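Colleague: What follows is structure_21.txt; its format and atoms are compact mmCIF, C-alpha atoms.
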```txt
# COMPACT_ATOMS: atom_id res chain seq x y z
CA MET A 124 0.00 0.00 0.00
CA SER A 125 1.34 3.47 -0.87
CA VAL A 126 2.16 6.01 1.85
CA ALA A 127 -0.58 8.38 0.63
CA LYS A 128 -3.14 5.59 0.60
CA GLU A 129 -2.08 4.51 4.10
CA GLN A 130 -2.44 8.07 5.41
CA GLY A 131 -5.84 8.36 3.76
CA GLU A 132 -6.98 5.11 5.36
CA ARG A 133 -5.80 6.25 8.82
CA ALA A 134 -7.65 9.54 8.39
CA ARG A 135 -10.90 7.75 7.54
CA VAL A 136 -10.81 5.61 10.68
CA ALA A 137 -9.23 8.18 13.04
CA PRO A 138 -11.27 9.95 15.69
CA ILE A 139 -12.66 13.34 14.74
CA SER A 140 -9.63 15.48 13.99
CA THR A 141 -9.65 18.33 11.48
CA PRO A 142 -6.26 18.91 9.85
CA THR A 143 -4.80 22.34 10.57
CA ASP A 144 -1.47 24.07 10.31
CA LEU A 145 -1.95 25.39 13.84
CA GLY A 146 -0.06 23.47 16.50
CA SER A 147 -1.68 21.38 19.21
CA ASP A 148 -1.23 24.19 21.78
CA ALA A 149 -3.06 26.60 19.47
CA THR A 150 -5.87 24.11 18.87
CA ARG A 151 -6.23 23.52 22.61
CA ASP A 152 -6.14 27.19 23.65
CA ILE A 153 -8.23 28.65 20.82
CA SER A 154 -10.82 25.90 21.17
CA ALA A 155 -11.03 26.45 24.92
CA ALA A 156 -11.42 30.22 24.53
CA MET A 157 -14.05 29.89 21.82
CA ASN A 158 -16.00 27.19 23.67
CA LEU A 159 -16.27 29.56 26.63
CA ILE A 160 -17.58 32.22 24.25
CA LEU A 161 -19.99 29.74 22.70
CA ALA A 162 -21.40 28.77 26.10
CA ASP A 163 -21.80 32.44 27.05
CA VAL A 164 -23.49 33.31 23.76
CA PHE A 165 -25.96 30.42 24.10
CA ALA A 166 -26.71 31.42 27.71
CA LEU A 167 -27.13 35.09 26.76
CA TYR A 168 -29.32 34.09 23.82
CA LEU A 169 -31.66 32.12 26.06
CA LYS A 170 -31.73 34.87 28.70
CA THR A 171 -32.54 37.42 25.99
CA LYS A 172 -35.36 35.23 24.68
CA ASN A 173 -36.64 34.71 28.24
CA PHE A 174 -36.88 38.47 28.70
CA HIS A 175 -38.36 38.86 25.19
CA TRP A 176 -41.11 36.39 26.10
CA HIS A 177 -41.82 37.93 29.50
CA VAL A 178 -41.38 41.68 29.03
CA SER A 179 -44.44 43.78 29.84
CA GLY A 180 -45.47 47.36 30.32
CA PRO A 181 -46.00 50.53 28.29
CA HIS A 182 -42.85 49.99 26.18
CA PHE A 183 -43.67 46.33 25.54
CA ARG A 184 -43.60 46.51 21.76
CA ASP A 185 -40.28 48.36 21.52
CA TYR A 186 -38.55 46.13 24.08
CA HIS A 187 -40.12 42.96 22.70
CA LEU A 188 -38.91 43.73 19.17
CA MET A 189 -35.44 44.86 20.29
CA LEU A 190 -34.92 41.73 22.38
CA ASP A 191 -36.11 39.54 19.52
CA GLU A 192 -33.63 41.22 17.17
CA GLN A 193 -30.82 40.86 19.69
CA GLY A 194 -31.70 37.21 20.30
CA ASP A 195 -31.50 36.55 16.57
CA GLU A 196 -28.06 38.21 16.44
CA LEU A 197 -26.80 36.09 19.33
CA TYR A 198 -28.16 32.87 17.89
CA GLY A 199 -26.58 33.80 14.57
CA MET A 200 -23.16 33.80 16.25
CA THR A 201 -23.40 30.24 17.55
CA ASP A 202 -22.80 28.24 14.38
CA PRO A 203 -19.83 30.31 13.16
CA ILE A 204 -18.23 30.05 16.63
CA ALA A 205 -18.66 26.28 16.77
CA GLU A 206 -17.48 25.85 13.19
CA ARG A 207 -14.35 27.91 13.94
CA VAL A 208 -13.56 25.54 16.82
CA ARG A 209 -13.87 22.61 14.42
CA LYS A 210 -11.82 24.33 11.71
CA VAL A 211 -8.88 24.78 14.11
CA GLY A 212 -9.06 21.09 15.01
CA GLY A 213 -11.01 21.26 18.27
CA ARG A 214 -14.22 19.80 19.61
CA THR A 215 -17.10 21.96 20.71
CA MET A 216 -20.23 21.96 22.86
CA THR A 217 -22.19 18.72 22.82
CA SER A 218 -25.28 19.44 24.94
CA ILE A 219 -27.27 21.90 27.01
CA GLY A 220 -25.59 20.39 30.07
CA HIS A 221 -22.18 21.10 28.59
CA ILE A 222 -23.21 24.72 28.03
CA ALA A 223 -24.61 25.00 31.57
CA ARG A 224 -21.36 23.70 33.07
CA THR A 225 -19.29 26.12 30.99
CA GLN A 226 -21.30 29.37 30.81
CA ARG A 227 -20.24 32.45 32.74
CA VAL A 228 -23.48 34.37 32.06
CA LEU A 229 -25.76 34.04 35.06
CA ASP A 230 -29.27 32.73 34.43
CA ASN A 231 -32.31 34.66 35.62
CA ASP A 232 -35.13 32.34 36.62
CA ALA A 233 -37.16 34.95 38.49
CA ASP A 234 -40.93 34.80 38.07
CA TYR A 235 -41.02 38.51 37.29
CA VAL A 236 -38.37 41.05 36.36
CA GLN A 237 -39.08 44.73 35.83
CA PRO A 238 -38.52 45.65 32.17
CA LEU A 239 -35.80 48.22 32.93
CA ASP A 240 -34.06 45.67 35.15
CA MET A 241 -34.16 43.20 32.26
CA LEU A 242 -32.48 45.70 29.97
CA ALA A 243 -29.88 46.68 32.57
CA GLU A 244 -29.02 43.03 33.24
CA LEU A 245 -28.65 42.27 29.55
CA CYS A 246 -26.60 45.44 29.14
CA ASP A 247 -24.13 44.24 31.81
CA ASP A 248 -24.03 40.75 30.30
CA SER A 249 -23.33 42.21 26.86
CA LYS A 250 -20.59 44.45 28.20
CA ASN A 251 -19.00 41.40 29.86
CA LEU A 252 -19.32 39.42 26.63
CA ALA A 253 -17.43 42.15 24.74
CA ALA A 254 -14.61 41.94 27.30
CA ARG A 255 -14.51 38.14 27.01
CA LEU A 256 -14.44 38.39 23.23
CA ARG A 257 -11.39 40.64 23.57
CA GLU A 258 -9.74 38.01 25.79
CA ALA A 259 -10.42 35.34 23.16
CA HIS A 260 -9.02 37.68 20.50
CA SER A 261 -5.78 37.88 22.48
CA VAL A 262 -5.54 34.09 22.47
CA CYS A 263 -5.98 34.10 18.69
CA ASP A 264 -3.31 36.80 18.34
CA THR A 265 -0.89 34.65 20.34
CA TYR A 266 -1.16 31.90 17.70
CA ASN A 267 -1.57 34.16 14.66
CA ASP A 268 -5.11 32.85 14.05
CA THR A 269 -6.28 35.79 11.96
CA ALA A 270 -9.44 34.06 10.72
CA THR A 271 -10.90 33.59 14.21
CA ALA A 272 -9.63 37.01 15.30
CA SER A 273 -11.36 38.75 12.38
CA LEU A 274 -14.67 37.06 13.21
CA ILE A 275 -14.27 38.10 16.84
CA GLU A 276 -13.72 41.72 15.78
CA ASN A 277 -17.12 41.75 14.07
CA TRP A 278 -18.75 40.10 17.09
CA ILE A 279 -17.21 42.71 19.39
CA ASP A 280 -18.71 45.48 17.27
CA ALA A 281 -22.14 43.81 17.23
CA THR A 282 -21.97 43.19 20.98
CA GLU A 283 -21.05 46.80 21.64
CA ARG A 284 -24.04 47.86 19.53
CA ARG A 285 -26.37 45.65 21.60
CA THR A 286 -24.84 47.06 24.79
CA TRP A 287 -25.40 50.61 23.56
CA PHE A 288 -29.03 49.96 22.59
CA LEU A 289 -29.77 48.26 25.91
CA PHE A 290 -28.13 51.10 27.82
CA GLU A 291 -30.07 53.80 25.98
CA ALA A 292 -33.38 51.92 26.23
CA SER A 293 -32.92 51.37 29.96
CA ARG A 294 -32.28 55.03 30.85
CA ARG A 295 -35.01 56.57 32.93
CA GLY A 296 -36.59 59.51 31.16
CA ASP A 297 -38.28 62.55 32.54
CA GLY A 298 -42.01 63.25 32.32
CA THR A 299 -41.70 64.15 28.63
CA GLY A 300 -40.11 60.84 27.68
CA HIS A 301 -36.64 62.32 27.30
```
With the file now loaded, output its structure as structure tokens.

Modeller:
Amino acid sequence: MSVAKEQGERARVAPISTPTDLGSDATRDISAAMNLILADVFALYLKTKNFHWHVSGPHFRDYHLMLDEQGDELYGMTDPIAERVRKVGGRTMTSIGHIARTQRVLDNDADYVQPLDMLAELCDDSKNLAARLREAHSVCDTYNDTATASLIENWIDATERRTWFLFEASRRGDGTGH
């Protein structure tokens, strides 16, 4: 059997392992950083949807629509994050339990949360996510993983936008609404 054919056969029967030019340390560290981000994004997505489903009050429509939009943005991040982990040779989240054990975003299981408290909590969570994305970016920089770093840069910008919107929407206005 030729060497190429032997290598091909080993690859077909080997455990899941995506070939990459990144070293094993890079695969380990980038995968770990991005799996933490993935768990946080899933947790923040579900918290955002929870608040979207349970918001009430005179600004219901505005908050409901904003939270739905933000939930869609968060959910939209999950597949690219997981696929990046796989592209660098790592393994990613396998279950809700895995996410729950890994997430750093705190759940909110309260029966009722005031709408402005919802927005403030999500604002803080989003601000923390931006900081954690920057930490993951640093890991990527260490290993010259420009592809993951460039995705993270876009996610930082989108996260900062969500933070800004949540902050502005949660400010208490005067009697005129300003």

Colleague: For Met189 of chain A, which residue among A:Ala270, A:Gly212, A:Leu169, A:Leu242 is the nearest when counting only C-alpha atoms?

Modeller: A:Leu242

Colleague: Using all atoms listed in the file, pick whichever of A:Ile279, A:Pro238, A:Thr225, A:Val126 has the shortest atom-to-atom distance to Asp185 of chain A.

Modeller: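 Among A:Ile279, A:Pro238, A:Thr225, A:Val126, it is A:Pro238 that comes nearest to Asp185 of chain A.
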
Colleague: Around (-27.5, 38.3, 18.5) in the file's own coordinates, what residues are found within 10 Å if you use all atoms listed in the file, given back as a list in words?

Modeller: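 Checked against the point, the hits come out as Val164, Phe165, Leu167, Tyr168, Thr171, Leu190, Asp191, Glu192, Gln193, Gly194, Asp195, Glu196, Leu197, Tyr198, Gly199, Met200, Thr201, Trp278, Ala281, Thr282 and Arg285 of chain A.
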
Colleague: What is the distance between atom CA of Leu289 of chain A and atom CA of Cys246 of chain A, in Å to one decimal?

Modeller: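 Separating atom CA of Leu289 of chain A from atom CA of Cys246 of chain A is a distance of 5.3 Å.
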
Colleague: Suppose you want the space between atom CA of Ala259 of chain A and atom CA of Asn231 of chain A; what is it in Å?

Modeller: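 We find that atom CA of Ala259 of chain A and atom CA of Asn231 of chain A lie 25.2 Å from each other.
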
Colleague: Here is a test: counting only C-alpha atoms, which residue of A:Thr143, A:Asn267, A:Thr215, A:Gln237 is nearest to Leu159 of chain A?

Modeller: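 Closest residue, counting only C-alpha atoms: A:Thr215.
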
Colleague: Work out how far apart atom CA of Ser147 of chain A and atom CA of Val208 of chain A are and give it in Å to one decimal.

Modeller: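 For atom CA of Ser147 of chain A relative to atom CA of Val208 of chain A, the distance reads 12.8 Å.
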
Colleague: Return the single residue from A:Leu145, A:Ile222, A:Leu245, A:Met157 that is closest to Phe174 of chain A, with distances computed using all atoms listed in the file.

Modeller: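 Of all the options, A:Leu245 lies closest to Phe174 of chain A.
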
Colleague: Near Ser293 of chain A, within 8 Å and counting only C-alpha atoms, which residues show up once chain neighbours fewer than 5 positions away are dropped, as a short mmCIF file (atom, residue, chain, number, x, y, z; two decimals) with C-alpha atoms, in the frame of the given file?

Modeller:
```
data_model
loop_
_atom_site.label_atom_id
_atom_site.label_comp_id
_atom_site.auth_asym_id
_atom_site.auth_seq_id
_atom_site.Cartn_x
_atom_site.Cartn_y
_atom_site.Cartn_z
CA LEU A 239 -35.80 48.22 32.93
CA ASP A 240 -34.06 45.67 35.15
CA LEU A 242 -32.48 45.70 29.97
CA ALA A 243 -29.88 46.68 32.57
#
```

Colleague: Let me make sure I understand: among A:Arg255, A:Arg284, A:Lys250, A:Arg214, which one has the smallest atom-to-atom distance to Ser140 of chain A if we use only C-alpha atoms?

Modeller: A:Arg214
